[in-house]
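Peer 1: Next comes structure.txt, compact mmCIF, C-alpha atoms and all ligand atoms:
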# COMPACT_ATOMS: atom_id res chain seq x y z
CA MET A 1 28.81 39.74 -45.13
CA TYR A 2 25.98 37.66 -46.54
CA GLN A 3 27.42 37.06 -49.97
CA GLU A 4 30.23 34.61 -49.59
CA GLN A 5 29.77 32.96 -46.19
CA ARG A 6 29.64 29.25 -46.69
CA SER A 7 28.68 26.37 -44.53
CA GLN A 8 31.45 24.28 -43.03
CA LEU A 9 28.93 21.81 -41.68
CA VAL A 10 27.30 20.50 -44.83
CA GLU A 11 29.08 18.03 -47.05
CA ALA A 12 28.66 18.61 -50.80
CA ALA A 13 25.93 16.19 -51.83
CA PRO A 14 25.79 14.36 -55.17
CA ALA A 15 23.63 15.68 -58.00
CA GLY A 16 19.96 14.72 -57.98
CA ALA A 17 17.51 14.48 -55.15
CA ALA A 18 18.88 14.21 -51.65
CA ALA A 19 17.57 10.91 -50.34
CA ALA A 20 15.93 11.23 -46.96
CA GLU A 21 18.52 9.02 -45.27
CA ASP A 22 21.43 10.88 -46.93
CA ARG A 23 20.51 14.28 -45.60
CA PRO A 24 23.16 15.88 -43.43
CA ALA A 25 22.16 16.01 -39.79
CA ILE A 26 22.54 19.64 -38.79
CA GLN A 27 21.90 20.60 -35.20
CA ALA A 28 21.31 23.99 -33.70
CA ALA A 29 24.68 24.08 -31.92
CA GLU A 30 26.02 27.13 -33.73
CA ARG A 31 22.89 29.24 -33.94
CA PRO A 32 23.76 32.95 -34.28
CA GLY A 33 22.94 35.31 -31.41
CA ASP A 34 19.69 37.16 -30.80
CA ASP A 35 21.20 40.31 -32.35
CA HIS A 36 20.70 38.59 -35.73
CA VAL A 37 16.99 38.10 -35.15
CA GLN A 38 14.23 40.63 -35.82
CA PRO A 39 12.01 40.87 -32.72
CA VAL A 40 8.28 40.48 -33.30
CA SER A 41 5.84 42.78 -31.47
CA SER A 42 2.89 40.37 -31.37
CA GLU A 43 3.61 36.87 -32.58
CA SER A 44 -0.03 35.75 -32.36
CA LEU A 45 -1.16 38.73 -34.47
CA HIS A 46 1.53 38.04 -37.09
CA ARG A 47 0.61 34.36 -37.16
CA THR A 48 -3.06 35.21 -37.62
CA ILE A 49 -2.32 37.57 -40.52
CA THR A 50 0.03 35.02 -42.11
CA GLY A 51 -2.65 32.36 -41.69
CA ILE A 52 -5.28 34.51 -43.43
CA ILE A 53 -2.89 35.38 -46.29
CA THR A 54 -2.00 31.69 -46.65
CA ILE A 55 -5.53 30.27 -46.51
CA ALA A 56 -7.57 32.98 -48.29
CA PRO A 57 -6.14 32.18 -51.76
CA PHE A 58 -7.24 28.54 -51.30
CA ILE A 59 -10.80 29.78 -50.71
CA GLY A 60 -10.38 31.75 -53.95
CA LEU A 61 -9.24 28.53 -55.61
CA GLY A 62 -12.44 26.82 -54.48
CA ILE A 63 -14.56 29.64 -55.94
CA ALA A 64 -12.52 29.52 -59.17
CA ALA A 65 -13.05 25.74 -59.40
CA TRP A 66 -16.81 26.29 -59.06
CA GLN A 67 -16.58 29.02 -61.73
CA LEU A 68 -14.71 26.67 -64.08
CA TRP A 69 -17.23 23.88 -63.40
CA ASP A 70 -20.05 26.20 -64.42
CA GLY A 71 -18.18 27.28 -67.57
CA LEU A 72 -18.01 30.88 -66.34
CA LEU A 73 -14.31 31.46 -66.99
CA HIS A 74 -13.81 34.50 -69.22
CA PRO A 75 -10.77 35.20 -71.42
CA SER A 76 -10.44 38.47 -69.48
CA ASP A 77 -9.87 36.47 -66.27
CA LEU A 78 -6.86 34.71 -67.77
CA ALA A 79 -5.56 38.01 -69.15
CA VAL A 80 -5.78 39.65 -65.71
CA PHE A 81 -4.11 36.61 -64.12
CA GLY A 82 -1.27 36.74 -66.68
CA ILE A 83 -0.68 40.49 -66.31
CA MET A 84 -0.69 40.35 -62.50
CA TYR A 85 1.47 37.20 -62.41
CA VAL A 86 4.16 38.78 -64.61
CA LEU A 87 4.09 42.16 -62.79
CA THR A 88 4.23 40.76 -59.26
CA GLY A 89 6.55 37.87 -60.18
CA LEU A 90 9.11 40.26 -61.67
CA GLY A 91 8.58 42.58 -58.70
CA VAL A 92 9.83 39.75 -56.48
CA THR A 93 12.54 38.26 -58.72
CA VAL A 94 14.05 41.34 -60.40
CA GLY A 95 13.10 43.79 -57.62
CA PHE A 96 13.10 42.22 -54.16
CA HIS A 97 15.70 39.58 -54.99
CA ARG A 98 18.24 40.69 -57.59
CA LEU A 99 18.03 44.48 -57.13
CA PHE A 100 17.34 44.99 -53.42
CA THR A 101 18.80 41.87 -51.79
CA HIS A 102 21.87 41.29 -53.96
CA ARG A 103 22.42 44.66 -55.67
CA SER A 104 22.97 42.92 -59.02
CA PHE A 105 22.39 46.18 -60.87
CA LYS A 106 21.69 49.83 -60.26
CA THR A 107 18.69 51.82 -61.42
CA SER A 108 16.93 55.14 -60.85
CA PRO A 109 14.94 56.00 -57.71
CA ALA A 110 11.73 55.86 -59.79
CA MET A 111 12.50 52.30 -60.94
CA ARG A 112 13.48 51.32 -57.39
CA GLY A 113 10.10 52.61 -56.24
CA LEU A 114 8.30 50.76 -59.03
CA PHE A 115 9.99 47.43 -58.24
CA ALA A 116 9.43 47.89 -54.51
CA VAL A 117 5.71 48.48 -55.20
CA LEU A 118 5.36 45.54 -57.63
CA GLY A 119 7.07 43.18 -55.18
CA SER A 120 4.84 44.45 -52.35
CA VAL A 121 1.73 43.70 -54.45
CA ALA A 122 2.82 40.02 -54.39
CA ILE A 123 1.95 40.14 -50.64
CA GLU A 124 5.04 38.32 -49.41
CA GLY A 125 5.65 40.93 -46.71
CA PRO A 126 7.27 44.40 -46.75
CA VAL A 127 10.40 44.69 -48.88
CA ILE A 128 12.79 45.32 -45.95
CA SER A 129 11.56 42.21 -44.08
CA TRP A 130 11.82 40.12 -47.27
CA VAL A 131 15.38 41.29 -47.94
CA ALA A 132 16.56 40.85 -44.33
CA ASP A 133 15.24 37.27 -44.24
CA HIS A 134 16.78 36.43 -47.60
CA ARG A 135 20.19 37.90 -46.77
CA LYS A 136 20.17 35.87 -43.55
CA HIS A 137 19.34 32.80 -45.65
CA HIS A 138 22.50 33.42 -47.69
CA ALA A 139 24.60 34.13 -44.59
CA PHE A 140 23.62 30.81 -42.95
CA SER A 141 22.50 28.67 -45.91
CA ASP A 142 21.36 25.29 -44.57
CA LYS A 143 23.02 26.02 -41.23
CA PRO A 144 21.47 26.99 -37.90
CA GLY A 145 20.24 30.56 -38.34
CA ASP A 146 18.89 29.98 -41.88
CA PRO A 147 15.23 31.10 -41.62
CA HIS A 148 13.97 28.45 -44.04
CA SER A 149 16.31 25.53 -44.57
CA PRO A 150 14.61 22.15 -45.19
CA HIS A 151 17.62 20.46 -43.57
CA VAL A 152 18.34 22.20 -40.24
CA ASN A 153 17.04 20.51 -37.10
CA CYS A 154 15.25 17.80 -39.02
CA THR A 155 15.26 14.16 -38.13
CA ALA A 156 16.30 11.43 -40.56
CA GLY A 157 13.86 9.46 -42.70
CA TRP A 158 10.79 10.33 -44.72
CA ARG A 159 8.94 11.97 -41.87
CA GLY A 160 11.91 14.29 -41.25
CA MET A 161 12.19 15.02 -44.96
CA LEU A 162 8.51 15.99 -45.25
CA SER A 163 8.60 18.12 -42.12
CA GLY A 164 11.78 19.85 -43.39
CA LEU A 165 10.20 20.59 -46.75
CA GLY A 166 7.00 21.81 -45.07
CA HIS A 167 9.02 24.13 -42.81
CA ALA A 168 11.05 25.54 -45.75
CA HIS A 169 7.95 25.95 -47.92
CA VAL A 170 5.47 27.66 -45.61
CA GLY A 171 6.02 26.66 -41.95
CA TRP A 172 8.87 29.15 -41.40
CA LEU A 173 6.48 32.03 -42.12
CA PHE A 174 4.77 31.28 -38.79
CA ILE A 175 8.05 31.26 -36.81
CA HIS A 176 9.87 34.40 -35.70
CA THR A 177 12.97 33.02 -33.99
CA ASP A 178 15.19 33.09 -37.09
CA ARG A 179 13.98 36.13 -39.04
CA GLY A 180 16.65 38.56 -40.25
CA CYS A 181 17.20 41.65 -38.07
CA HIS A 182 16.38 44.65 -40.26
CA GLU A 183 19.09 46.94 -38.86
CA ARG A 184 21.72 44.25 -39.25
CA TYR A 185 20.75 42.81 -42.64
CA ALA A 186 19.15 45.71 -44.48
CA PRO A 187 20.66 49.02 -43.23
CA ASP A 188 21.12 50.19 -46.84
CA LEU A 189 17.38 49.85 -47.52
CA ILE A 190 16.39 51.49 -44.25
CA ALA A 191 18.54 54.45 -45.34
CA ASP A 192 16.94 54.51 -48.82
CA PRO A 193 13.99 56.94 -48.57
CA VAL A 194 12.10 55.43 -51.54
CA VAL A 195 12.37 51.79 -50.46
CA SER A 196 11.83 52.63 -46.81
CA PHE A 197 8.61 54.51 -47.67
CA VAL A 198 7.23 51.62 -49.76
CA SER A 199 8.15 49.16 -47.00
CA LYS A 200 6.33 51.19 -44.33
CA THR A 201 3.24 51.57 -46.54
CA PHE A 202 3.13 47.87 -47.51
CA LEU A 203 -0.52 47.39 -46.57
CA PHE A 204 -1.60 50.18 -48.93
CA TRP A 205 0.23 48.60 -51.90
CA ALA A 206 -1.10 45.14 -51.09
CA ILE A 207 -4.71 46.45 -51.18
CA ALA A 208 -3.97 48.67 -54.22
CA GLY A 209 -2.79 45.53 -56.08
CA LEU A 210 -6.11 43.82 -55.37
CA ALA A 211 -7.94 46.95 -56.56
CA LEU A 212 -5.82 46.91 -59.72
CA SER A 213 -6.95 43.32 -60.40
CA PHE A 214 -10.57 44.47 -60.16
CA GLY A 215 -9.84 47.49 -62.38
CA LEU A 216 -8.08 45.38 -65.03
CA GLY A 217 -10.97 42.89 -65.07
CA TYR A 218 -13.44 45.75 -65.53
CA ALA A 219 -11.30 47.43 -68.22
CA ILE A 220 -10.69 44.24 -70.22
CA GLY A 221 -14.03 42.48 -69.67
CA GLY A 222 -16.16 45.62 -69.75
CA THR A 223 -18.54 44.65 -66.93
CA VAL A 224 -18.59 44.86 -63.12
CA ASP A 225 -18.89 41.05 -63.05
CA ALA A 226 -15.63 40.85 -65.03
CA GLY A 227 -14.14 43.16 -62.40
CA TRP A 228 -15.09 40.73 -59.60
CA THR A 229 -13.79 37.69 -61.46
CA GLY A 230 -10.69 39.74 -62.33
CA LEU A 231 -10.20 40.24 -58.59
CA LEU A 232 -10.54 36.47 -58.11
CA TRP A 233 -8.02 35.53 -60.82
CA GLY A 234 -5.66 38.52 -60.66
CA GLY A 235 -5.87 38.66 -56.86
CA ALA A 236 -6.50 35.36 -55.08
CA ILE A 237 -5.40 32.83 -57.70
CA ARG A 238 -2.39 34.91 -58.71
CA MET A 239 -1.37 35.23 -55.01
CA LEU A 240 -1.68 31.48 -54.59
CA VAL A 241 0.51 30.67 -57.59
CA VAL A 242 3.12 33.42 -57.03
CA HIS A 243 3.41 32.49 -53.34
CA HIS A 244 3.89 28.78 -53.88
CA VAL A 245 6.24 29.26 -56.82
CA THR A 246 8.37 31.56 -54.62
CA TYR A 247 8.16 29.17 -51.67
CA SER A 248 9.30 26.32 -53.93
CA ILE A 249 12.68 28.04 -54.30
CA ASN A 250 13.13 27.77 -50.53
CA SER A 251 11.90 24.18 -50.31
CA LEU A 252 12.34 22.27 -53.59
CA CYS A 253 15.46 24.15 -54.77
CA HIS A 254 17.27 23.20 -51.57
CA PHE A 255 16.32 19.56 -52.00
CA PHE A 256 15.79 18.37 -55.59
CA GLY A 257 17.83 19.01 -58.72
CA ARG A 258 21.40 19.30 -59.90
CA LYS A 259 24.28 20.79 -58.00
CA PRO A 260 27.06 21.72 -60.44
CA PHE A 261 28.81 24.13 -58.06
CA ALA A 262 30.22 23.18 -54.64
CA THR A 263 28.54 25.94 -52.65
CA GLY A 264 28.78 24.33 -49.22
CA ASP A 265 25.00 24.24 -48.93
CA GLU A 266 22.13 22.23 -50.42
CA SER A 267 21.06 24.72 -53.12
CA ARG A 268 20.16 23.09 -56.43
CA ASN A 269 19.22 23.88 -60.02
CA LEU A 270 15.70 22.64 -60.75
CA ALA A 271 15.21 22.99 -64.51
CA TRP A 272 11.44 22.38 -64.77
CA LEU A 273 10.73 25.16 -62.27
CA SER A 274 12.85 27.76 -64.08
CA ILE A 275 10.12 29.12 -66.40
CA PHE A 276 7.47 29.58 -63.68
CA THR A 277 10.03 31.23 -61.37
CA PHE A 278 11.33 33.53 -64.12
CA GLY A 279 14.80 31.97 -63.79
CA GLU A 280 15.08 31.80 -60.00
CA ALA A 281 15.16 28.00 -59.97
CA TRP A 282 18.80 28.04 -61.17
CA HIS A 283 19.35 28.29 -57.45
CA ASN A 284 22.70 26.48 -57.16
CA ASN A 285 24.11 28.92 -59.75
CA HIS A 286 22.69 31.72 -57.61
CA HIS A 287 24.25 30.47 -54.37
CA ALA A 288 27.58 30.07 -56.20
CA PHE A 289 27.45 33.68 -57.48
CA PRO A 290 24.84 35.55 -55.37
CA THR A 291 25.41 38.98 -56.90
CA SER A 292 25.12 37.79 -60.52
CA ALA A 293 22.29 39.51 -62.40
CA LEU A 294 21.89 36.31 -64.44
CA HIS A 295 20.91 33.09 -62.67
CA GLY A 296 20.68 31.02 -65.86
CA PHE A 297 24.10 30.37 -67.37
CA GLY A 298 23.85 29.88 -71.13
CA TRP A 299 20.93 29.46 -73.54
CA ARG A 300 19.97 26.08 -72.08
CA GLN A 301 19.06 27.75 -68.81
CA PRO A 302 16.17 30.16 -69.49
CA ASP A 303 16.23 33.12 -67.13
CA ILE A 304 13.42 35.57 -67.82
CA SER A 305 14.42 37.90 -64.94
CA GLY A 306 17.98 38.05 -66.30
CA TRP A 307 16.63 38.86 -69.76
CA VAL A 308 14.53 41.68 -68.27
CA ILE A 309 17.62 43.15 -66.56
CA ARG A 310 19.59 42.90 -69.83
CA GLY A 311 16.72 44.62 -71.66
CA MET A 312 16.66 47.38 -69.05
CA GLU A 313 20.43 47.80 -69.47
CA ARG A 314 20.03 48.21 -73.25
CA LEU A 315 17.33 50.83 -72.68
CA GLY A 316 19.55 52.72 -70.23
CA LEU A 317 17.25 51.84 -67.30
CA ALA A 318 19.86 49.64 -65.53
CA TRP A 319 23.61 50.08 -65.15
CA ASP A 320 26.54 48.57 -63.24
CA VAL A 321 24.99 45.17 -63.99
CA VAL A 322 26.98 42.34 -62.37
CA TYR A 323 28.02 39.64 -64.84
CA ILE A 324 30.21 36.66 -63.93
CA SER A 325 33.06 35.87 -66.30
CA GLU A 326 33.26 32.43 -67.91
CA ALA A 327 36.68 31.98 -66.24
CA ARG A 328 35.18 32.41 -62.74
CA LYS A 329 32.41 29.92 -63.52
CA GLN A 330 34.90 27.38 -64.91
CA ASN A 331 37.16 27.78 -61.86
CA LYS A 332 34.28 27.09 -59.53
CA LEU A 333 33.16 24.11 -61.60
CA LYS A 334 36.69 22.69 -61.43
CA ALA A 335 36.71 23.18 -57.66
CA ALA A 336 33.40 21.28 -57.47
CA ALA A 337 34.80 18.45 -59.62
CA ALA A 338 37.92 18.22 -57.45
CA ALA A 339 35.94 18.19 -54.20
ZN ZN A 401 18.74 29.36 -51.24
ZN ZN A 402 19.42 35.22 -53.14
Have the structure of the file written as structure tokens, please.
Peer 2:
Amino acid sequence: MYQEQRSQLVEAAPAGAAAAEDRPAIQAAERPGDDHVQPVSSESLHRTITGIITIAPFIGLGIAAWQLWDGLLHPSDLAVFGIMYVLTGLGVTVGFHRLFTHRSFKTSPAMRGLFAVLGSVAIEGPVISWVADHRKHHAFSDKPGDPHSPHVNCTAGWRGMLSGLGHAHVGWLFIHTDRGCHERYAPDLIADPVVSFVSKTFLFWAIAGLALSFGLGYAIGGTVDAGWTGLLWGGAIRMLVVHHVTYSINSLCHFFGRKPFATGDESRNLAWLSIFTFGEAWHNNHHAFPTSALHGFGWRQPDISGWVIRGMERLGLAWDVVYISEARKQNKLKAAAAA
């Protein structure tokens, strides 16, 4: 359902940044029905929680800046940041995205649980909500119904461009009129006892991840002070960076970069972002072949998440990995050239 639906409304745009005045004007005339949308029990409560999760890491950034100014940064802080960034980043990219949303490979229930937990520690919401929103994004990419398109319902010009990017980056998190209905978009995960359990106990894993940052700081630095600064760097600063790197896929990768495949949407490959996103910034490739375990095509397109999946396959931890043949890629490239 969500894999191959393509927009009929958006013209294929040329490679490079979409100039503000060139952006397709998409109106909300064909918005899907309410049965596609996940109802929210208390919008003000959700907005308050989202606001705290969004702003708190910036307070952490202020404290970290003061710490740096005073020359108090410890090597253990950077180690904790690095460990937590890699664990939670892969939890989102390999787990939430490629495994749970797109079923790019299969793995054991224990590994499914591990990836569900690691992605939850990133504090981007429970896994079932994340997957439902992202599948809806693929079903209505840059069309009415897409939860976070920078193009839908935006006015022309620079002001419209900035408001579209702001909506796609973080604004959509405060809006509940386009979120993916869990029963409609993630019935397979609701039926999965492991994933369903981790999704329901999201708050526990989010707090456990912060406790882990403290524990790592204490274990590596050897003092309680190192535990607290480990919490700052492995918790708040890591959340800030992982969040905004993830959000950049929704905003920047639907606006800036190259578009080798004619996907019928505005998804783009943004090379400089590919390392930080563990390969997710090859986003036009991904929209062209959503189930592909690899988002980077060839050695010039580094894709750390794809390499992790390949490594798991070699170790017998992943199987039925989806690879796209060179012939399919070439056919789609030819179609884009002919368009
Ligand atoms: Zn996208
Ligand atoms: Zn996707």
Peer 1: Smallest atom-to-atom distance to ligand ZN 402 (chain A): which of A:Ser44, A:Thr246, A:Thr177, A:Thr201, using all atoms listed in the file?
Peer 2: A:Thr246
Peer 1: I'd like the contact shell of Arg98 (chain A) - 9 Å cut-off, all atoms listed in the file, skipping same-chain residues fewer than 5 positions apart - returned as a list of chain:residue names.
Peer 2: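 Contacts, in chain order: A:Val92, A:Thr93, A:Arg103, A:Ser104, A:Phe105, A:Pro290, A:Thr291, A:Ser292, A:Ala293, A:Leu294, A:Ser305.
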Peer 1: Using all atoms listed in the file, what are the residues with an atom within 12 Å of ligand ZN 401 (chain A), set out as JSON, numbers by chain?
Peer 2: {"A": [2, 3, 6, 97, 133, 134, 135, 136, 137, 138, 139, 140, 141, 142, 143, 146, 147, 148, 149, 150, 151, 168, 169, 246, 247, 248, 249, 250, 251, 252, 253, 254, 255, 263, 264, 265, 266, 267, 268, 269, 280, 281, 282, 283, 284, 285, 286, 287, 288, 289, 290]}
Peer 1: Output C-alpha atoms for every residue in that selection, as a compact mmCIF listing (two decimals), in the coordinates of the input.
Peer 2:
# COMPACT_ATOMS: atom_id res chain seq x y z
CA TYR A 2 25.98 37.66 -46.54
CA GLN A 3 27.42 37.06 -49.97
CA ARG A 6 29.64 29.25 -46.69
CA HIS A 97 15.70 39.58 -54.99
CA ASP A 133 15.24 37.27 -44.24
CA HIS A 134 16.78 36.43 -47.60
CA ARG A 135 20.19 37.90 -46.77
CA LYS A 136 20.17 35.87 -43.55
CA HIS A 137 19.34 32.80 -45.65
CA HIS A 138 22.50 33.42 -47.69
CA ALA A 139 24.60 34.13 -44.59
CA PHE A 140 23.62 30.81 -42.95
CA SER A 141 22.50 28.67 -45.91
CA ASP A 142 21.36 25.29 -44.57
CA LYS A 143 23.02 26.02 -41.23
CA ASP A 146 18.89 29.98 -41.88
CA PRO A 147 15.23 31.10 -41.62
CA HIS A 148 13.97 28.45 -44.04
CA SER A 149 16.31 25.53 -44.57
CA PRO A 150 14.61 22.15 -45.19
CA HIS A 151 17.62 20.46 -43.57
CA ALA A 168 11.05 25.54 -45.75
CA HIS A 169 7.95 25.95 -47.92
CA THR A 246 8.37 31.56 -54.62
CA TYR A 247 8.16 29.17 -51.67
CA SER A 248 9.30 26.32 -53.93
CA ILE A 249 12.68 28.04 -54.30
CA ASN A 250 13.13 27.77 -50.53
CA SER A 251 11.90 24.18 -50.31
CA LEU A 252 12.34 22.27 -53.59
CA CYS A 253 15.46 24.15 -54.77
CA HIS A 254 17.27 23.20 -51.57
CA PHE A 255 16.32 19.56 -52.00
CA THR A 263 28.54 25.94 -52.65
CA GLY A 264 28.78 24.33 -49.22
CA ASP A 265 25.00 24.24 -48.93
CA GLU A 266 22.13 22.23 -50.42
CA SER A 267 21.06 24.72 -53.12
CA ARG A 268 20.16 23.09 -56.43
CA ASN A 269 19.22 23.88 -60.02
CA GLU A 280 15.08 31.80 -60.00
CA ALA A 281 15.16 28.00 -59.97
CA TRP A 282 18.80 28.04 -61.17
CA HIS A 283 19.35 28.29 -57.45
CA ASN A 284 22.70 26.48 -57.16
CA ASN A 285 24.11 28.92 -59.75
CA HIS A 286 22.69 31.72 -57.61
CA HIS A 287 24.25 30.47 -54.37
CA ALA A 288 27.58 30.07 -56.20
CA PHE A 289 27.45 33.68 -57.48
CA PRO A 290 24.84 35.55 -55.37
Peer 1: Using CA of Arg47 (chain A) and CA of Asp35 (chain A) as the two end points, give the distance in Å to one decimal.
Peer 2: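 Atom-to-atom, CA of Arg47 (chain A) and CA of Asp35 (chain A) are spaced 22.0 Å apart.
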Peer 1: Between A:Val37, A:Ala206, A:Leu68, A:Met161, which one has atoms that come closest to Leu118 (chain A), using all atoms listed in the file?
Peer 2: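 Smallest distance to Leu118 (chain A) is found for A:Ala206.
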Peer 1: So, counting only C-alpha atoms, which residue among A:Ser325, A:Ser213, A:Ser129, A:Ser120 is closest to Arg238 (chain A)?
Peer 2: A:Ser213
Peer 1: Kindly indicate which residue among A:His295, A:Ala122, A:Gly227, A:Ile52 lies nearest to ligand ZN 402 (chain A), using all atoms listed in the file for the distances.
Peer 2: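 Closest residue, counting all atoms listed in the file: A:His295.
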Peer 1: For a quick check of understanding, using only C-alpha atoms, which of A:Val131, A:Ile123, A:Val94, A:Val117 has the smallest distance to Ile53 (chain A)?
Peer 2: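 Looking at the shortest contact to Ile53 (chain A), the residue is A:Ile123.
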Peer 1: Go ahead and compute the interatomic distance for CA of Ala318 (chain A) and CA of Ser108 (chain A), in Å to one decimal.
Peer 2: 7.8 Å
Peer 1: Show me, as JSON, the centre and edge lengths in Å to one decimal of the axis-aligned box that covers every listed atom of region 232-250 of chain A with 6 Å on each side.
Peer 2:
{"center_x": 1.3, "center_y": 32.5, "center_z": -55.7, "size_x": 35.7, "size_y": 24.3, "size_z": 22.3}
Peer 1: State, in Å with one decimal place, the distance from CA of Leu232 (chain A) to CA of Pro126 (chain A).
Peer 2: 22.6 Å
Peer 1: I need the residue nearest ligand ZN 402 (chain A) from this list: A:Thr101, A:Thr277, A:Ser41, A:Gln67. Use all atoms listed in the file for the distance.
Peer 2: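 Nearest candidate to ligand ZN 402 (chain A) out of A:Thr101, A:Thr277, A:Ser41, A:Gln67: A:Thr101.
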Peer 1: Mind completing region 212-227 of chain A with N, CA and C atoms? Output as a PDB file, keeping the file's coordinate frame, please?
Peer 2:
ATOM      1  N   LEU A 212      -6.278  46.916 -58.317  1.00  0.00           N
ATOM      2  CA  LEU A 212      -5.820  46.910 -59.720  1.00  0.00           C
ATOM      3  C   LEU A 212      -6.365  45.686 -60.462  1.00  0.00           C
ATOM      4  N   SER A 213      -6.411  44.546 -59.776  1.00  0.00           N
ATOM      5  CA  SER A 213      -6.950  43.320 -60.400  1.00  0.00           C
ATOM      6  C   SER A 213      -8.422  43.533 -60.781  1.00  0.00           C
ATOM      7  N   PHE A 214      -9.172  44.157 -59.875  1.00  0.00           N
ATOM      8  CA  PHE A 214     -10.570  44.470 -60.160  1.00  0.00           C
ATOM      9  C   PHE A 214     -10.654  45.421 -61.362  1.00  0.00           C
ATOM     10  N   GLY A 215      -9.826  46.476 -61.320  1.00  0.00           N
ATOM     11  CA  GLY A 215      -9.840  47.490 -62.380  1.00  0.00           C
ATOM     12  C   GLY A 215      -9.474  46.897 -63.736  1.00  0.00           C
ATOM     13  N   LEU A 216      -8.479  46.015 -63.767  1.00  0.00           N
ATOM     14  CA  LEU A 216      -8.080  45.380 -65.030  1.00  0.00           C
ATOM     15  C   LEU A 216      -9.212  44.505 -65.567  1.00  0.00           C
ATOM     16  N   GLY A 217      -9.851  43.751 -64.651  1.00  0.00           N
ATOM     17  CA  GLY A 217     -10.970  42.890 -65.070  1.00  0.00           C
ATOM     18  C   GLY A 217     -12.089  43.723 -65.683  1.00  0.00           C
ATOM     19  N   TYR A 218     -12.383  44.846 -65.029  1.00  0.00           N
ATOM     20  CA  TYR A 218     -13.440  45.750 -65.530  1.00  0.00           C
ATOM     21  C   TYR A 218     -13.040  46.344 -66.878  1.00  0.00           C
ATOM     22  N   ALA A 219     -11.762  46.782 -66.982  1.00  0.00           N
ATOM     23  CA  ALA A 219     -11.300  47.430 -68.220  1.00  0.00           C
ATOM     24  C   ALA A 219     -11.266  46.453 -69.382  1.00  0.00           C
ATOM     25  N   ILE A 220     -10.838  45.210 -69.114  1.00  0.00           N
ATOM     26  CA  ILE A 220     -10.690  44.240 -70.220  1.00  0.00           C
ATOM     27  C   ILE A 220     -12.032  43.575 -70.529  1.00  0.00           C
ATOM     28  N   GLY A 221     -12.767  43.197 -69.468  1.00  0.00           N
ATOM     29  CA  GLY A 221     -14.030  42.480 -69.670  1.00  0.00           C
ATOM     30  C   GLY A 221     -15.217  43.392 -69.921  1.00  0.00           C
ATOM     31  N   GLY A 222     -15.123  44.632 -69.464  1.00  0.00           N
ATOM     32  CA  GLY A 222     -16.160  45.620 -69.750  1.00  0.00           C
ATOM     33  C   GLY A 222     -17.383  45.567 -68.859  1.00  0.00           C
ATOM     34  N   THR A 223     -17.398  44.708 -67.836  1.00  0.00           N
ATOM     35  CA  THR A 223     -18.540  44.650 -66.930  1.00  0.00           C
ATOM     36  C   THR A 223     -18.052  44.602 -65.478  1.00  0.00           C
ATOM     37  N   VAL A 224     -18.951  44.933 -64.548  1.00  0.00           N
ATOM     38  CA  VAL A 224     -18.590  44.860 -63.120  1.00  0.00           C
ATOM     39  C   VAL A 224     -18.331  43.400 -62.737  1.00  0.00           C
ATOM     40  N   ASP A 225     -19.118  42.479 -63.313  1.00  0.00           N
ATOM     41  CA  ASP A 225     -18.890  41.050 -63.050  1.00  0.00           C
ATOM     42  C   ASP A 225     -17.467  40.652 -63.437  1.00  0.00           C
ATOM     43  N   ALA A 226     -17.000  41.158 -64.593  1.00  0.00           N
ATOM     44  CA  ALA A 226     -15.630  40.850 -65.030  1.00  0.00           C
ATOM     45  C   ALA A 226     -14.619  41.460 -64.070  1.00  0.00           C
ATOM     46  N   GLY A 227     -15.006  42.577 -63.429  1.00  0.00           N
ATOM     47  CA  GLY A 227     -14.140  43.160 -62.400  1.00  0.00           C
ATOM     48  C   GLY A 227     -14.002  42.221 -61.213  1.00  0.00           C
TER      49      GLY A 227
END
